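Undergrad: The structure that follows is given in the form of structure tokens.
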Amino acid sequence: MDASHRQIIREIRVKHFFKIEFKNRHRQILSLIKKNSGRLVMAAGCSLMVSVATTATGYLIKPVIDDIFVNRDTTGLVLLPLLVVAVFLIKGLGSYGQEYFMNYVGEDIIRRLRNRLYDRIQDLPLAFFQKERTGTLMSRITNDVNILKSMVSTAVTGSLRDVSSIIGLTAVIFYQNWKMAILAFIVLPVAFLPVFILGQKVRRVSTGCQQAMAELSAFLHETFSGNKIVKAFSMEPHEKQRFFNQTRRLFTLEIKGVKIRALASPIMEFFGGVGIAFVIWYGGSEVIAGETTPGTFMSFLACVLLIYDPVRKLSQVNNTMQQGMAAADRVFDIVETPSDIQDPAAPHPMASGPHTVCLDKVHFSYGDQDVLKGIDLTVDHGRVLALVGMSGGGKSTIANLIPRFYDVTGGRICIDDVDIRDVAVADLRRRISIVTQEPILFNETVRDNIAYGRPGPTEAQIVSAAKAAFAHDFILRFPNGYDTMIGELGGRLSGGEKQRLCIARALIKDAPILILDEATSSLDSEAEAVVQKALENLMQGRTTVVIAHRLSTIAGADRIAVIVDGNIVEEGTHKELLSRKGEYHKLYMTQYAGNLSG
Ligand SMILES: Nc1ncnc2c1ncn2[C@@H]1O[C@H](COP(=O)(O)OP(=O)(O)OP(=O)(O)O)[C@@H](O)[C@H]1O
Ligand SMILES: [Mg+2]
């Protein structure tokens, strides 16, 4: 195992060294930039202004010294200060423009990247959300995207300014004294080398940091949203310790990154210092020998000093790029995640209901282990099929397969003899109303929650759905009635109240296929009886699959299937199954006994 671990690390190293992903991410990033090419050109223009002004500053030193100080030229005394003012004005304007356009482009890229990510993530199948932790995904959209921005804006336009400054200043240096220039430039590449080697390390550390950050936000999400459990089990000290461990890990990684990044500047600075010392020694001796004017020498020296800043920044561009590429990998991995639940090329149109739903030798597994092992079921149009059986038997899984939250791994599911994989996913789901086992509501008004799947319902429709679900009365007791935000209620909603809101939401959708997964499990017997009545009215003329533990809920179903361990062990009507004295009879008896004692 140790050897394979090392092998993986080696592969990652090789991959990073050759930057395999670099190229194809490049295309993705360029496609993001393309939309902003106008502003990017403006930013480039402004950065050129900055670099021209910088070059001019270096050049102007020569006439200042030679004309004013050495030759005592009075016209130069008026002209040169004016020129200096003009140069700095240009530099100021340029750097404002560059900053503005660069950040505009960067922020726009962030916005579009976030939208693209959210757009993509929303369309991914349910399995993806069960695999990834919510907090990790949140960190992709909030944190990683920011790093990409700094790469695109700082690195792309900033490096243009730096490169053109370097070119301009180099030209002046060579113009002033080419022999001295050649000698000075031998030192520079030597200074560059360690910086690029460091860049590789930065990318690796940066990936680690972002991963740690994602884990941190996943951890926060879980322990805040599940805080009730933390408190109930007095696990605050444990969770605090876990959090402290995570921040320590992040801290260690960040410091490691700081050390590497901080090393680049001093290394460059040292070699720069060596270069400057050399210029002073060599140039000084030329001035003393009378081969160069002091102005030429000073201008040369100034340019060497001025070139230092863009070179240093450029060396950090590599770090920023490496960090950005690490973030790009994480962001585009999601954008490129293929969705296995896809629309067919030529979707089959669906007729309006009621429908016949048919499961034909359906096999399913979430991973290695088969959860459904050859399920054959038919729910005729307008009929009610009840699924009962032991916990973990696979009932909710069947409910998940009908709307294609997952695809079957064997067999097929048909609606009116059409495989559900042959119709458009949206078309399929529009025909199915679901009340899931967990009541999930969003932080919108009660009204919006009820109307969730149906655009623009009338007030009367909303109220009648709420009344049918026996939610109307308690909704009116809320501070703002139907306009109360779910978040405002906080944890005030009881399990049964939440369930009734979910039922109202399913009722108003008015779909021909109804799936009720323990829809009334949190209600007391009395409320359940009433809601059950409402549900029975709703089931009229629809094709219904109902899952329940409480046998009173399913006694009225047309057919009952008993699921044990992924298999149907019994099927029939309530009466038939009772008289058979098998699995159903056993369930019924335990229920009955439970009711007696309760
Ligand atoms: N997302 C998932 N990933 C992996 N395994 C899962 C997943 N969801 C369910 N399972 C497993 O599949 C099996 C069937 O689960 P399912 O939720 O269908 O049971 P159920 O019959 O609805 O049980 P209950 O009556 O308790 O709701 C269980 O063993 C469960 O652990
Ligand atoms: Mg279930």
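Just remember, in the structure tokens the first chain shown is A, the second B, etc., residues are 1-based per chain, and ligands are 1-based in the order shown.
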Skipping near chain neighbours, those fewer than 3 positions away, what residues fall within 7 Å of Val331 (chain A) using only C-alpha atoms, listed as a ChimeraX atom specification?
TA: /A:140,144,327-328,334-335
Undergrad: With N, CA, C and O atoms kept, could you save the residues just selected as a short mmCIF file (atom, residue, chain, number, x, y, z; two decimals), in the first residue's frame?
TA:
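And here is the file that came out, again.cif:
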```
data_model
loop_
_atom_site.label_atom_id
_atom_site.label_comp_id
_atom_site.auth_asym_id
_atom_site.auth_seq_id
_atom_site.Cartn_x
_atom_site.Cartn_y
_atom_site.Cartn_z
N ARG A 140 -16.18 25.84 -3.40
CA ARG A 140 -15.83 25.98 -4.82
C ARG A 140 -16.37 27.30 -5.37
O ARG A 140 -15.71 28.02 -6.09
N ASP A 144 -12.67 29.22 -4.32
CA ASP A 144 -11.80 28.87 -5.45
C ASP A 144 -11.93 29.85 -6.61
O ASP A 144 -10.96 30.18 -7.28
N ALA A 327 -6.70 26.19 -8.59
CA ALA A 327 -8.12 26.48 -8.39
C ALA A 327 -8.91 26.10 -9.63
O ALA A 327 -10.02 25.58 -9.54
N ALA A 328 -8.32 26.37 -10.79
CA ALA A 328 -9.01 26.06 -12.06
C ALA A 328 -9.32 24.57 -12.13
O ALA A 328 -10.41 24.18 -12.54
N ILE A 334 -15.62 20.27 -11.79
CA ILE A 334 -17.07 20.21 -11.60
C ILE A 334 -17.78 20.54 -12.90
O ILE A 334 -18.71 19.86 -13.31
N VAL A 335 -17.30 21.62 -13.57
CA VAL A 335 -17.95 22.00 -14.82
C VAL A 335 -17.92 20.83 -15.81
O VAL A 335 -18.86 20.62 -16.57
#
```
Undergrad: Produce as a VMD selection string the set of residues near ligand 1, where near means within 12 Å with only C-alpha atoms and all ligand atoms considered.
TA: chain A and resid 125 to 132 364 to 373 387 to 401 405 to 406 436 to 438 516 to 519 521 546 to 550 561 to 568
Undergrad: Considering only strand (DSSP E or B) as DSSP defines it on the backbone, what residues of region 330-373 of chain A qualify? List them as a PyMOL selection string.
TA: chain A and resi 357-365+370-373
Undergrad: Leaving out Pro63 (chain A) and any residue of its chain fewer than 4 positions from it, which residues lie within 8 Å of it when counting only C-alpha atoms, given as an MDAnalysis selection string?
TA: chainID A and resid 67:68 295
Undergrad: For Gln499 (chain A), work out the shell of residues within 8 Å, counting only C-alpha atoms and skipping chain neighbours fewer than 6 positions away, then give it as a PDB file with C-alpha atoms, in the first residue's frame.
TA:
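Full text of result.pdb as output:
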```pdb
ATOM      1  CA  PRO A 439     -39.646  17.321   4.769  1.00  0.00           C
ATOM      2  CA  ALA A 519     -45.788  11.423   3.940  1.00  0.00           C
ATOM      3  CA  THR A 520     -47.773  11.238   7.150  1.00  0.00           C
ATOM      4  CA  SER A 522     -44.796  12.614  11.678  1.00  0.00           C
TER       5      SER A 522
END
```
Undergrad: Could you tell me how far CA of Asp119 (chain A) lies from CA of Phe442 (chain A), in Å and to one decimal?
TA: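 Straight-line distance from CA of Asp119 (chain A) to CA of Phe442 (chain A) works out to 18.5 Å.
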Undergrad: What does the structure give for the distance between CA of Gln540 (chain A) and CA of Leu514 (chain A), in Å to one decimal?
TA: 10.5 Å
Undergrad: With distances taken over only C-alpha atoms, which of A:Ala534, A:Ile280, A:Ile109, A:Met213 is nearest to Leu32 (chain A)?
TA: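 When distances to Leu32 (chain A) are compared using only C-alpha atoms, the smallest one comes from A:Ile109.
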Undergrad: Can you measure CA of Leu359 (chain A) to CA of Arg429 (chain A) for me? One decimal in Å is fine.
TA: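 Value for the CA of Leu359 (chain A)-CA of Arg429 (chain A) distance: 16.8 Å.
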Undergrad: Extract the full set of alpha helix (DSSP H) residues from region 322-374 of chain A according to DSSP on the backbone, and format it as a ChimeraX atom specification.
TA: /A:322-335
Undergrad: Just the selected residues (all heavy atoms), exported as a CSV table (one decimal), in the first residue's frame, please.
TA:
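File part-v8.csv, as written:
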```
chain,number,residue,atom,x,y,z
A,322,GLN,N,0.3,29.6,-10.8
A,322,GLN,CA,0.2,28.2,-10.3
A,322,GLN,C,-0.9,28.0,-9.3
A,322,GLN,O,-1.6,27.0,-9.4
A,322,GLN,CB,1.6,27.9,-9.6
A,322,GLN,CG,2.8,27.9,-10.5
A,322,GLN,CD,2.7,26.9,-11.6
A,322,GLN,OE1,2.0,25.9,-11.5
A,322,GLN,NE2,3.4,27.1,-12.7
A,323,GLN,N,-1.1,29.1,-8.5
A,323,GLN,CA,-2.3,29.0,-7.6
A,323,GLN,C,-3.6,29.0,-8.3
A,323,GLN,O,-4.5,28.2,-8.0
A,323,GLN,CB,-2.3,30.3,-6.7
A,323,GLN,CG,-1.7,30.1,-5.4
A,323,GLN,CD,-1.6,31.4,-4.6
A,323,GLN,OE1,-1.4,32.5,-5.2
A,323,GLN,NE2,-1.8,31.4,-3.3
A,324,GLY,N,-3.7,29.8,-9.3
A,324,GLY,CA,-4.9,29.9,-10.2
A,324,GLY,C,-5.1,28.6,-10.9
A,324,GLY,O,-6.3,28.2,-10.9
A,325,MET,N,-4.1,28.0,-11.4
A,325,MET,CA,-4.3,26.7,-12.1
A,325,MET,C,-4.8,25.6,-11.1
A,325,MET,O,-5.6,24.8,-11.5
A,325,MET,CB,-3.0,26.2,-12.8
A,325,MET,CG,-2.6,27.1,-14.0
A,325,MET,SD,-3.9,27.7,-15.0
A,325,MET,CE,-4.1,26.4,-16.1
A,326,ALA,N,-4.3,25.7,-9.9
A,326,ALA,CA,-4.8,24.7,-8.9
A,326,ALA,C,-6.3,24.9,-8.7
A,326,ALA,O,-7.1,24.0,-8.6
A,326,ALA,CB,-4.0,24.9,-7.6
A,327,ALA,N,-6.7,26.2,-8.6
A,327,ALA,CA,-8.1,26.5,-8.4
A,327,ALA,C,-8.9,26.1,-9.6
A,327,ALA,O,-10.0,25.6,-9.5
A,327,ALA,CB,-8.3,28.0,-8.1
A,328,ALA,N,-8.3,26.4,-10.8
A,328,ALA,CA,-9.0,26.1,-12.1
A,328,ALA,C,-9.3,24.6,-12.1
A,328,ALA,O,-10.4,24.2,-12.5
A,328,ALA,CB,-8.2,26.5,-13.2
A,329,ASP,N,-8.4,23.8,-11.7
A,329,ASP,CA,-8.6,22.3,-11.7
A,329,ASP,C,-9.8,22.0,-10.9
A,329,ASP,O,-10.7,21.2,-11.3
A,329,ASP,CB,-7.4,21.6,-11.1
A,329,ASP,CG,-6.2,21.5,-12.1
A,329,ASP,OD1,-6.5,21.8,-13.3
A,329,ASP,OD2,-5.1,21.1,-11.7
A,330,ARG,N,-9.9,22.6,-9.7
A,330,ARG,CA,-11.0,22.2,-8.8
A,330,ARG,C,-12.3,22.7,-9.4
A,330,ARG,O,-13.4,22.1,-9.3
A,330,ARG,CB,-10.8,22.8,-7.5
A,330,ARG,CG,-9.5,22.3,-6.9
A,330,ARG,CD,-9.0,23.1,-5.7
A,330,ARG,NE,-9.9,23.1,-4.6
A,330,ARG,CZ,-10.1,22.1,-3.8
A,330,ARG,NH1,-9.4,21.0,-4.1
A,330,ARG,NH2,-10.9,22.2,-2.9
A,331,VAL,N,-12.3,23.9,-10.0
A,331,VAL,CA,-13.6,24.5,-10.5
A,331,VAL,C,-14.0,23.7,-11.8
A,331,VAL,O,-15.1,23.3,-11.9
A,331,VAL,CB,-13.4,26.0,-10.8
A,331,VAL,CG1,-14.5,26.5,-11.6
A,331,VAL,CG2,-13.3,26.8,-9.5
A,332,PHE,N,-13.1,23.6,-12.7
A,332,PHE,CA,-13.5,23.0,-14.0
A,332,PHE,C,-13.7,21.5,-13.9
A,332,PHE,O,-14.4,20.9,-14.7
A,332,PHE,CB,-12.5,23.3,-15.1
A,332,PHE,CG,-12.5,24.7,-15.5
A,332,PHE,CD1,-11.4,25.6,-15.2
A,332,PHE,CD2,-13.7,25.2,-16.0
A,332,PHE,CE1,-11.5,26.9,-15.6
A,332,PHE,CE2,-13.7,26.6,-16.4
A,332,PHE,CZ,-12.6,27.4,-16.1
A,333,ASP,N,-13.2,20.8,-12.8
A,333,ASP,CA,-13.5,19.4,-12.6
A,333,ASP,C,-15.0,19.3,-12.5
A,333,ASP,O,-15.6,18.3,-12.9
A,333,ASP,CB,-12.8,18.9,-11.3
A,333,ASP,CG,-11.5,18.4,-11.6
A,333,ASP,OD1,-11.1,18.3,-12.8
A,333,ASP,OD2,-10.7,18.1,-10.7
A,334,ILE,N,-15.6,20.3,-11.8
A,334,ILE,CA,-17.1,20.2,-11.6
A,334,ILE,C,-17.8,20.5,-12.9
A,334,ILE,O,-18.7,19.9,-13.3
A,334,ILE,CB,-17.5,21.2,-10.5
A,334,ILE,CG1,-17.0,20.6,-9.2
A,334,ILE,CG2,-19.0,21.3,-10.5
A,334,ILE,CD1,-17.5,21.4,-8.0
A,335,VAL,N,-17.3,21.6,-13.6
A,335,VAL,CA,-18.0,22.0,-14.8
A,335,VAL,C,-17.9,20.8,-15.8
A,335,VAL,O,-18.9,20.6,-16.6
A,335,VAL,CB,-17.3,23.2,-15.4
A,335,VAL,CG1,-17.8,23.6,-16.8
A,335,VAL,CG2,-17.4,24.4,-14.5
```
Undergrad: Taking 6 positions as the minimum chain separation for residues in the same chain, which residues sit within 7 Å of Ser47 (chain A) when counting only C-alpha atoms? Answer as a PyMOL selection string.
TA: chain A and resi 94-95+98+160-161
Undergrad: Within 7 Å of Arg542 (chain A), counting only C-alpha atoms, which residues show up once you throw out same-chain ones fewer than 3 positions away? Write them as a list in words, please.
TA: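 Here the answer would be Pro354, His381, Gly382, Arg383, Pro512, Ile513, Leu514 and Met539 of chain A.
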Undergrad: Counting only C-alpha atoms, what is within 10 Å of Arg204 (chain A), bar same-chain residues fewer than 2 positions away, as a ChimeraX atom specification?
TA: /A:12-13,16,199-202,206-209,257,322-323,326
Undergrad: Please produce an output containing C-alpha atoms for each residue in the selection, written as a PDB file, in the first residue's frame.
TA:
```
ATOM      1  CA  ILE A  12       1.014  13.692  -9.511  1.00  0.00           C
ATOM      2  CA  ARG A  13       4.512  15.157  -9.559  1.00  0.00           C
ATOM      3  CA  HIS A  16       2.507  18.834 -12.451  1.00  0.00           C
ATOM      4  CA  GLY A 199       6.445  28.183  -8.692  1.00  0.00           C
ATOM      5  CA  GLN A 200       5.914  24.435  -9.044  1.00  0.00           C
ATOM      6  CA  LYS A 201       5.935  24.048  -5.294  1.00  0.00           C
ATOM      7  CA  VAL A 202       3.490  26.889  -4.870  1.00  0.00           C
ATOM      8  CA  SER A 206      -1.925  25.930  -2.955  1.00  0.00           C
ATOM      9  CA  THR A 207      -3.977  22.866  -3.912  1.00  0.00           C
ATOM     10  CA  GLY A 208      -3.552  21.646  -0.356  1.00  0.00           C
ATOM     11  CA  CYS A 209      -4.673  24.990   1.062  1.00  0.00           C
ATOM     12  CA  GLY A 257       3.046  28.605   1.097  1.00  0.00           C
ATOM     13  CA  GLN A 322       0.234  28.216 -10.305  1.00  0.00           C
ATOM     14  CA  GLN A 323      -2.253  29.026  -7.570  1.00  0.00           C
ATOM     15  CA  ALA A 326      -4.801  24.711  -8.919  1.00  0.00           C
TER      16      ALA A 326
END
```
Undergrad: For a quick check of understanding, using only C-alpha atoms and all ligand atoms, which of A:Cys414, A:Val435, A:Val384, A:Ala557 has the smallest distance to ligand 2?
TA: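 Of all the options, A:Val435 lies closest to ligand 2.
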Undergrad: Could you check which of A:Glu269, A:Arg116, A:Ile515, A:Ser525 is closest to ligand 2, using only C-alpha atoms and all ligand atoms?
TA: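 So, comparing all the options, the nearest one is A:Ile515.
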